[in-house]
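So this block is protein_31.pdb, PDB, C-alpha atoms and all ligand atoms:
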```pdb
MODEL        1
ATOM      1  CA  MET A 207     -25.841  46.215-202.478
ATOM      2  CA  PRO A 208     -28.426  47.629-204.896
ATOM      3  CA  ARG A 209     -28.112  46.332-208.403
ATOM      4  CA  TRP A 210     -27.151  48.723-211.132
ATOM      5  CA  PRO A 211     -30.389  49.442-213.035
ATOM      6  CA  GLN A 212     -30.519  47.469-216.238
ATOM      7  CA  SER A 213     -31.205  49.090-219.527
ATOM      8  CA  THR A 214     -34.749  48.448-220.631
ATOM      9  CA  GLY A 215     -34.250  49.650-224.181
ATOM     10  CA  PRO A 216     -35.386  53.017-225.496
ATOM     11  CA  LYS A 217     -37.752  54.878-223.238
ATOM     12  CA  LEU A 218     -41.166  55.627-224.599
ATOM     13  CA  CYS A 219     -43.197  58.809-224.564
ATOM     14  CA  ALA A 220     -45.031  59.225-221.278
ATOM     15  CA  LEU A 221     -48.327  59.743-223.025
ATOM     16  CA  PRO A 222     -50.023  56.346-223.212
ATOM     17  CA  GLU A 223     -51.666  57.039-226.548
ATOM     18  CA  CYS A 224     -48.311  57.926-228.115
ATOM     19  CA  ARG A 225     -45.474  55.658-226.887
ATOM     20  CA  LYS A 226     -42.911  56.827-229.424
ATOM     21  CA  PRO A 227     -39.230  56.751-228.426
ATOM     22  CA  THR A 228     -38.228  59.715-226.298
ATOM     23  CA  VAL A 229     -35.712  62.477-226.892
ATOM     24  CA  ASN A 230     -32.604  62.057-224.753
ATOM     25  CA  TYR A 231     -33.640  61.896-221.128
ATOM     26  CA  TRP A 232     -37.030  63.453-221.607
ATOM     27  CA  LYS A 233     -40.332  61.877-220.763
ATOM     28  CA  TYR A 234     -41.794  62.687-224.148
ATOM     29  CA  CYS A 235     -41.176  62.003-227.806
ATOM     30  CA  ALA A 236     -39.935  64.840-230.019
ATOM     31  CA  LYS A 237     -43.410  66.066-230.926
ATOM     32  CA  HIS A 238     -44.751  66.090-227.400
ATOM     33  CA  TYR A 239     -41.511  67.501-226.040
ATOM     34  CA  MET A 240     -41.792  70.453-228.411
ATOM     35  CA  ARG A 241     -45.355  71.008-227.297
ATOM     36  CA  TYR A 242     -44.247  70.838-223.710
ATOM     37  CA  LEU A 243     -41.542  73.438-224.386
ATOM     38  CA  ARG A 244     -43.845  75.686-226.295
ATOM     39  CA  HIS A 245     -46.989  75.439-224.254
ATOM     40  CA  GLY A 246     -45.915  73.974-220.919
ATOM     41  CA  ASP A 247     -48.112  70.971-221.546
ATOM     42  CA  PRO A 248     -47.503  68.123-224.035
ATOM     43  CA  GLN A 249     -51.176  67.732-224.860
ATOM     44  CA  ILE A 250     -51.837  71.303-225.825
ATOM     45  CA  THR A 251     -52.089  72.229-229.462
ATOM     46  CA  LYS A 252     -54.252  75.295-229.043
ATOM     47  CA  ASN A 253     -53.262  78.898-229.524
ATOM     48  CA  LEU A 254     -51.644  80.052-226.299
ATOM     49  CA  ALA A 255     -53.985  83.004-226.170
ATOM     50  CA  THR A 256     -56.941  80.685-225.621
ATOM     51  CA  LEU A 257     -55.424  78.994-222.573
ATOM     52  CA  GLU A 258     -57.012  79.843-219.279
ATOM     53  CA  GLY A 259     -56.323  79.723-215.578
ATOM     54  CA  GLU A 260     -53.652  77.288-214.491
ATOM     55  CA  TYR A 261     -52.787  76.303-218.069
ATOM     56  CA  ARG A 262     -52.161  79.905-218.974
ATOM     57  CA  LEU A 263     -49.906  80.406-215.978
ATOM     58  CA  LYS A 264     -47.990  77.178-216.628
ATOM     59  CA  ALA A 265     -47.469  77.969-220.290
ATOM     60  CA  PHE A 266     -46.447  81.512-219.448
ATOM     61  CA  GLU A 267     -43.917  80.470-216.831
ATOM     62  CA  GLY A 268     -42.485  77.852-219.171
ATOM     63  CA  LEU A 269     -41.642  80.624-221.606
ATOM     64  CA  THR A 270     -40.138  82.999-219.061
ATOM     65  CA  TYR A 271     -36.541  83.229-217.948
ATOM     66  CA  ARG A 272     -36.338  85.040-214.621
ATOM     67  CA  THR A 273     -33.344  86.985-213.536
ATOM     68  CA  TRP A 274     -33.035  89.103-210.402
ATOM     69  CA  ASN A 275     -33.903  92.007-212.608
ATOM     70  CA  CYS A 276     -35.880  91.493-215.804
ATOM     71  CA  TRP A 277     -37.827  88.386-216.724
ATOM     72  CA  PHE A 278     -36.978  87.556-220.305
ATOM     73  CA  TRP A 279     -39.558  86.275-222.697
ATOM     74  CA  LEU A 280     -38.381  83.093-224.410
ATOM     75  CA  GLY A 281     -41.388  82.726-226.654
ATOM     76  CA  VAL A 282     -42.119  84.354-229.956
ATOM     77  CA  VAL A 283     -41.028  87.958-230.269
ATOM     78  CA  GLN A 284     -42.729  90.339-232.577
ATOM     79  CA  LYS A 285     -40.720  91.511-235.525
ATOM     80  CA  HIS A 286     -39.792  95.127-235.231
ATOM     81  CA  GLU A 287     -37.930  97.201-237.762
ATOM     82  CA  LYS A 288     -35.589  99.121-235.507
ATOM     83  CA  SER A 289     -35.383  97.409-232.160
ATOM     84  CA  ILE A 290     -36.459  94.280-230.423
ATOM     85  CA  GLY A 291     -40.222  93.920-230.411
ATOM     86  CA  TYR A 292     -42.616  92.806-227.721
ATOM     87  CA  GLY A 293     -42.986  89.201-226.691
ATOM     88  CA  LEU A 294     -46.065  87.449-227.953
ATOM     89  CA  PHE A 295     -48.164  84.939-226.077
ATOM     90  CA  GLY A 296     -50.142  83.506-228.946
ATOM     91  CA  SER A 297     -51.862  86.539-230.387
ATOM     92  CA  LEU A 298     -51.515  88.552-227.170
ATOM     93  CA  TYR A 299     -48.672  90.695-225.905
ATOM     94  CA  ALA A 300     -46.663  88.776-223.338
ATOM     95  CA  HIS A 301     -46.195  91.789-221.054
ATOM     96  CA  ARG A 302     -49.951  92.390-220.963
ATOM     97  CA  VAL A 303     -50.541  88.732-220.142
ATOM     98  CA  ALA A 304     -47.921  89.033-217.384
ATOM     99  CA  TYR A 305     -49.691  92.006-215.927
ATOM    100  CA  GLU A 306     -53.019  90.204-215.914
ATOM    101  CA  LEU A 307     -51.579  87.024-214.443
ATOM    102  CA  TYR A 308     -49.650  88.606-211.596
ATOM    103  CA  ARG A 309     -51.249  91.965-210.971
ATOM    104  CA  GLY A 310     -54.830  91.896-212.187
ATOM    105  CA  PRO A 311     -57.085  92.987-215.009
ATOM    106  CA  ILE A 312     -56.011  95.866-217.221
ATOM    107  CA  PRO A 313     -58.689  98.555-217.198
ATOM    108  CA  GLU A 314     -60.126  99.405-220.563
ATOM    109  CA  GLY A 315     -58.121 101.963-222.475
ATOM    110  CA  LEU A 316     -54.993 101.668-220.349
ATOM    111  CA  GLN A 317     -51.679 100.427-221.587
ATOM    112  CA  VAL A 318     -49.057  98.318-219.884
ATOM    113  CA  LEU A 319     -45.742 100.147-219.872
ATOM    114  CA  HIS A 320     -42.237  99.122-218.895
ATOM    115  CA  HIS A 321     -40.226 100.794-216.143
ATOM    116  CA  CYS A 322     -37.163  99.053-217.483
ATOM    117  CA  ASP A 323     -37.550  99.948-221.159
ATOM    118  CA  ASN A 324     -36.969  96.347-222.108
ATOM    119  CA  PRO A 325     -39.852  95.378-224.374
ATOM    120  CA  ARG A 326     -39.160  91.675-223.914
ATOM    121  CA  CYS A 327     -39.350  91.948-220.142
ATOM    122  CA  VAL A 328     -42.393  90.368-218.485
ATOM    123  CA  ASN A 329     -41.463  90.980-214.849
ATOM    124  CA  PRO A 330     -44.711  92.229-213.272
ATOM    125  CA  ASP A 331     -42.662  94.480-210.971
ATOM    126  CA  HIS A 332     -41.362  96.313-214.022
ATOM    127  CA  LEU A 333     -44.802  96.862-215.507
ATOM    128  CA  PHE A 334     -47.191  99.655-214.785
ATOM    129  CA  LEU A 335     -50.403 100.975-216.203
ATOM    130  CA  GLY A 336     -50.485 104.192-218.096
ATOM    131  CA  THR A 337     -52.321 106.092-220.739
ATOM    132  CA  SER A 338     -51.208 106.655-224.260
ATOM    133  CA  HIS A 339     -50.211 110.117-223.068
ATOM    134  CA  ASP A 340     -47.695 108.584-220.621
ATOM    135  CA  ASN A 341     -46.369 106.583-223.489
ATOM    136  CA  LYS A 342     -46.109 109.558-225.760
ATOM    137  CA  LYS A 343     -42.427 110.224-225.380
ATOM    138  CA  ASP A 344     -41.652 106.693-226.497
ATOM    139  CA  GLU A 345     -44.455 106.469-228.934
ATOM    140  CA  ALA A 346     -42.360 106.560-232.051
ATOM    141  CA  SER A 347     -40.077 103.798-230.891
ATOM    142  CA  LYS A 348     -42.849 101.729-229.428
ATOM    143  CA  ARG A 349     -45.140 101.970-232.357
ATOM    144  CA  ILE A 350     -45.703  98.578-233.791
ATOM    145  CA  ARG A 351     -47.618  97.096-236.589
ATOM    146  CA  PHE A 352     -50.430  94.918-235.407
ATOM    147  CA  GLY A 353     -53.328  93.524-237.327
ATOM    148  CA  ARG A 354     -54.686  95.948-239.857
ATOM    149  CA  GLY A 355     -53.177  99.141-238.561
ATOM    150  CA  TRP A 356     -50.714 100.883-236.370
ATOM    151  CA  ARG A 357     -51.289 101.175-232.727
ATOM    152  CA  THR A 358     -49.266 101.841-229.658
ATOM    153  CA  VAL A 359     -49.000  99.349-226.857
TER     154      VAL A 359
HETATM  155 ZN    ZN B 401     -45.363  61.479-227.661
HETATM  156 ZN    ZN B 402     -37.665  94.546-216.814
ENDMDL
END
```

Kindly present the structure from the file in structure tokens form.
Amino acid sequence: MPRWPQSTGPKLCALPECRKPTVNYWKYCAKHYMRYLRHGDPQITKNLATLEGEYRLKAFEGLTYRTWNCWFWLGVVQKHEKSIGYGLFGSLYAHRVAYELYRGPIPEGLQVLHHCDNPRCVNPDHLFLGTSHDNKKDEASKRIRFGRGWRTV
């Protein structure tokens, strides 16, 4: 008969240099848990946009909620006056990052457009490349403020 595991007191953060008490059943303390949620890795403090390779993919997937249809962006969403704005991955657009991660590089001058008209969607199957001309019909609604000026996505 195995013995019921005995309580060993509060669990400590899995990071050896931290060892603060954990949040609920998590492996990490509150600070590192938040980092894990936000970036997919408890050690990361950098801007998401600077993450590369496997870290970028992990962070991206940690912020994505997949349904059979659209993949919803759980991260920061750009403020938009009239409708829901685009998801942001650090300083980058989440749907553009999705395209690059799952489909490949975006050729210069092309835009990543949504088949599904859901600006928060990052499902690579719903994304396609187009020119600003293709985007023209939606331009007014998709126009967003970014940096110093207006530009379409
Ligand atoms: Zn910690
Ligand atoms: Zn979609």

Please report the interatomic distance between atom CA of Pro313 of chain A and atom CA of His332 of chain A in Å with one decimal.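 The value is 17.8 Å.
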
Given all atoms listed in the file as the counted atoms, nearest of A:Tyr271, A:Tyr239, A:Tyr231, A:Phe334 to ligand ZN 401 (chain B):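 Looking only at the distances to ligand ZN 401 (chain B), the closest residue turns out to be A:Tyr239.
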
At a cut-off of 12 Å, using only C-alpha atoms, what residues contact Cys235 of chain A? Leave out same-chain residues fewer than 3 positions from it and give the result as a PDB file with C-alpha atoms, in the coordinates of the input.
```
ATOM      1  CA  PRO A 216     -35.386  53.017-225.496  1.00  0.00           C
ATOM      2  CA  LYS A 217     -37.752  54.878-223.238  1.00  0.00           C
ATOM      3  CA  LEU A 218     -41.166  55.627-224.599  1.00  0.00           C
ATOM      4  CA  CYS A 219     -43.197  58.809-224.564  1.00  0.00           C
ATOM      5  CA  ALA A 220     -45.031  59.225-221.278  1.00  0.00           C
ATOM      6  CA  LEU A 221     -48.327  59.743-223.025  1.00  0.00           C
ATOM      7  CA  PRO A 222     -50.023  56.346-223.212  1.00  0.00           C
ATOM      8  CA  GLU A 223     -51.666  57.039-226.548  1.00  0.00           C
ATOM      9  CA  CYS A 224     -48.311  57.926-228.115  1.00  0.00           C
ATOM     10  CA  ARG A 225     -45.474  55.658-226.887  1.00  0.00           C
ATOM     11  CA  LYS A 226     -42.911  56.827-229.424  1.00  0.00           C
ATOM     12  CA  PRO A 227     -39.230  56.751-228.426  1.00  0.00           C
ATOM     13  CA  THR A 228     -38.228  59.715-226.298  1.00  0.00           C
ATOM     14  CA  VAL A 229     -35.712  62.477-226.892  1.00  0.00           C
ATOM     15  CA  ASN A 230     -32.604  62.057-224.753  1.00  0.00           C
ATOM     16  CA  TYR A 231     -33.640  61.896-221.128  1.00  0.00           C
ATOM     17  CA  TRP A 232     -37.030  63.453-221.607  1.00  0.00           C
ATOM     18  CA  HIS A 238     -44.751  66.090-227.400  1.00  0.00           C
ATOM     19  CA  TYR A 239     -41.511  67.501-226.040  1.00  0.00           C
ATOM     20  CA  MET A 240     -41.792  70.453-228.411  1.00  0.00           C
ATOM     21  CA  ARG A 241     -45.355  71.008-227.297  1.00  0.00           C
ATOM     22  CA  TYR A 242     -44.247  70.838-223.710  1.00  0.00           C
ATOM     23  CA  LEU A 243     -41.542  73.438-224.386  1.00  0.00           C
ATOM     24  CA  PRO A 248     -47.503  68.123-224.035  1.00  0.00           C
ATOM     25  CA  GLN A 249     -51.176  67.732-224.860  1.00  0.00           C
TER      26      GLN A 249
END
```

Selection result for the PyMOL selection byres (((not hetatm)) within 12 of (chain B and resi 402)) on this file, as a PyMOL selection string: chain A and resi 271-279+301+304+319-334

File dump, residues just selected, C-alpha atoms, as a PDB file, in the coordinates of the input:
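Below you can see out-v8.pdb, which holds the result:
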```
ATOM      1  CA  TYR A 271     -36.541  83.229-217.948  1.00  0.00           C
ATOM      2  CA  ARG A 272     -36.338  85.040-214.621  1.00  0.00           C
ATOM      3  CA  THR A 273     -33.344  86.985-213.536  1.00  0.00           C
ATOM      4  CA  TRP A 274     -33.035  89.103-210.402  1.00  0.00           C
ATOM      5  CA  ASN A 275     -33.903  92.007-212.608  1.00  0.00           C
ATOM      6  CA  CYS A 276     -35.880  91.493-215.804  1.00  0.00           C
ATOM      7  CA  TRP A 277     -37.827  88.386-216.724  1.00  0.00           C
ATOM      8  CA  PHE A 278     -36.978  87.556-220.305  1.00  0.00           C
ATOM      9  CA  TRP A 279     -39.558  86.275-222.697  1.00  0.00           C
ATOM     10  CA  HIS A 301     -46.195  91.789-221.054  1.00  0.00           C
ATOM     11  CA  ALA A 304     -47.921  89.033-217.384  1.00  0.00           C
ATOM     12  CA  LEU A 319     -45.742 100.147-219.872  1.00  0.00           C
ATOM     13  CA  HIS A 320     -42.237  99.122-218.895  1.00  0.00           C
ATOM     14  CA  HIS A 321     -40.226 100.794-216.143  1.00  0.00           C
ATOM     15  CA  CYS A 322     -37.163  99.053-217.483  1.00  0.00           C
ATOM     16  CA  ASP A 323     -37.550  99.948-221.159  1.00  0.00           C
ATOM     17  CA  ASN A 324     -36.969  96.347-222.108  1.00  0.00           C
ATOM     18  CA  PRO A 325     -39.852  95.378-224.374  1.00  0.00           C
ATOM     19  CA  ARG A 326     -39.160  91.675-223.914  1.00  0.00           C
ATOM     20  CA  CYS A 327     -39.350  91.948-220.142  1.00  0.00           C
ATOM     21  CA  VAL A 328     -42.393  90.368-218.485  1.00  0.00           C
ATOM     22  CA  ASN A 329     -41.463  90.980-214.849  1.00  0.00           C
ATOM     23  CA  PRO A 330     -44.711  92.229-213.272  1.00  0.00           C
ATOM     24  CA  ASP A 331     -42.662  94.480-210.971  1.00  0.00           C
ATOM     25  CA  HIS A 332     -41.362  96.313-214.022  1.00  0.00           C
ATOM     26  CA  LEU A 333     -44.802  96.862-215.507  1.00  0.00           C
ATOM     27  CA  PHE A 334     -47.191  99.655-214.785  1.00  0.00           C
TER      28      PHE A 334
END
```

Any idea what's packed within 10 Å of Gly268 of chain A, counting only C-alpha atoms, ignoring anything in its chain fewer than 4 positions away? Could you give it as a list in words?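 Close residues of Gly268 of chain A: Tyr242, Leu243, Arg244, His245, Gly246, Asp247, Arg262, Leu263, Lys264, Trp279, Leu280 and Gly281 of chain A.
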
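We find atom CA of Ile312 of chain A and atom CA of Tyr261 of chain A to be spaced 19.8 Å apart.
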
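Counting from atom CA of Gln317 of chain A, the distance to atom CA of Gly336 of chain A is 5.3 Å.
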
Taking all listed atoms of segment 332-337 of chain A, build the axis-aligned box, pad each of the six sides by 4 Å, then write its centre and edge lengths in Å to one decimal as JSON.
```
{"center_x": -46.8, "center_y": 101.2, "center_z": -217.4, "size_x": 19.0, "size_y": 17.8, "size_z": 14.7}
```

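Proximity ranking of A:Val282, A:Ser338, A:Thr256, A:Ser297 relative to Gly315 of chain A places A:Ser338 first, based on all atoms listed in the file.
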
Find the spatial neighbours of Ala255 of chain A, counting only C-alpha atoms, within a cut-off of 8 Å - ignore same-chain residues fewer than 6 positions away - and output them as a list in words.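 These residues fall inside the cut-off: Phe295, Gly296, Ser297 and Leu298 of chain A.
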
Can you spit out the residues from that selection as a CSV table (one decimal), in the frame of the given file, using C-alpha atoms?
```csv
chain,number,residue,atom,x,y,z
A,295,PHE,CA,-48.2,84.9,-226.1
A,296,GLY,CA,-50.1,83.5,-228.9
A,297,SER,CA,-51.9,86.5,-230.4
A,298,LEU,CA,-51.5,88.6,-227.2
```

Find, counting only C-alpha atoms, the residue in A:Lys233, A:Tyr292, A:Ala265, A:Leu335 that gets nearest to Pro311 of chain A. A:Leu335

Is it possible to add N, CA and C atoms to segment 301-312 of chain A and hand it back as a PDB file, keeping the file's coordinate frame?
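Result file is result19.pdb:
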```
ATOM      1  N   HIS A 301     -46.263  90.935-222.249  1.00  0.00           N
ATOM      2  CA  HIS A 301     -46.195  91.789-221.054  1.00  0.00           C
ATOM      3  C   HIS A 301     -47.592  92.121-220.523  1.00  0.00           C
ATOM      4  N   ARG A 302     -48.571  92.165-221.425  1.00  0.00           N
ATOM      5  CA  ARG A 302     -49.951  92.390-220.963  1.00  0.00           C
ATOM      6  C   ARG A 302     -50.484  91.150-220.254  1.00  0.00           C
ATOM      7  N   VAL A 303     -50.140  89.978-220.794  1.00  0.00           N
ATOM      8  CA  VAL A 303     -50.541  88.732-220.142  1.00  0.00           C
ATOM      9  C   VAL A 303     -49.900  88.653-218.758  1.00  0.00           C
ATOM     10  N   ALA A 304     -48.616  89.039-218.678  1.00  0.00           N
ATOM     11  CA  ALA A 304     -47.921  89.033-217.384  1.00  0.00           C
ATOM     12  C   ALA A 304     -48.647  89.919-216.389  1.00  0.00           C
ATOM     13  N   TYR A 305     -49.014  91.085-216.838  1.00  0.00           N
ATOM     14  CA  TYR A 305     -49.691  92.006-215.927  1.00  0.00           C
ATOM     15  C   TYR A 305     -50.986  91.386-215.408  1.00  0.00           C
ATOM     16  N   GLU A 306     -51.739  90.795-216.310  1.00  0.00           N
ATOM     17  CA  GLU A 306     -53.019  90.204-215.914  1.00  0.00           C
ATOM     18  C   GLU A 306     -52.833  89.005-215.000  1.00  0.00           C
ATOM     19  N   LEU A 307     -51.801  88.218-215.259  1.00  0.00           N
ATOM     20  CA  LEU A 307     -51.579  87.024-214.443  1.00  0.00           C
ATOM     21  C   LEU A 307     -51.158  87.383-213.024  1.00  0.00           C
ATOM     22  N   TYR A 308     -50.270  88.360-212.900  1.00  0.00           N
ATOM     23  CA  TYR A 308     -49.650  88.606-211.596  1.00  0.00           C
ATOM     24  C   TYR A 308     -50.199  89.826-210.876  1.00  0.00           C
ATOM     25  N   ARG A 309     -50.782  90.745-211.618  1.00  0.00           N
ATOM     26  CA  ARG A 309     -51.249  91.965-210.971  1.00  0.00           C
ATOM     27  C   ARG A 309     -52.761  92.092-210.990  1.00  0.00           C
ATOM     28  N   GLY A 310     -53.381  91.776-212.109  1.00  0.00           N
ATOM     29  CA  GLY A 310     -54.830  91.896-212.187  1.00  0.00           C
ATOM     30  C   GLY A 310     -55.253  92.420-213.537  1.00  0.00           C
ATOM     31  N   PRO A 311     -56.570  92.557-213.709  1.00  0.00           N
ATOM     32  CA  PRO A 311     -57.085  92.987-215.009  1.00  0.00           C
ATOM     33  C   PRO A 311     -56.587  94.367-215.406  1.00  0.00           C
ATOM     34  N   ILE A 312     -56.431  94.570-216.688  1.00  0.00           N
ATOM     35  CA  ILE A 312     -56.011  95.866-217.221  1.00  0.00           C
ATOM     36  C   ILE A 312     -57.266  96.660-217.568  1.00  0.00           C
TER      37      ILE A 312
END
```
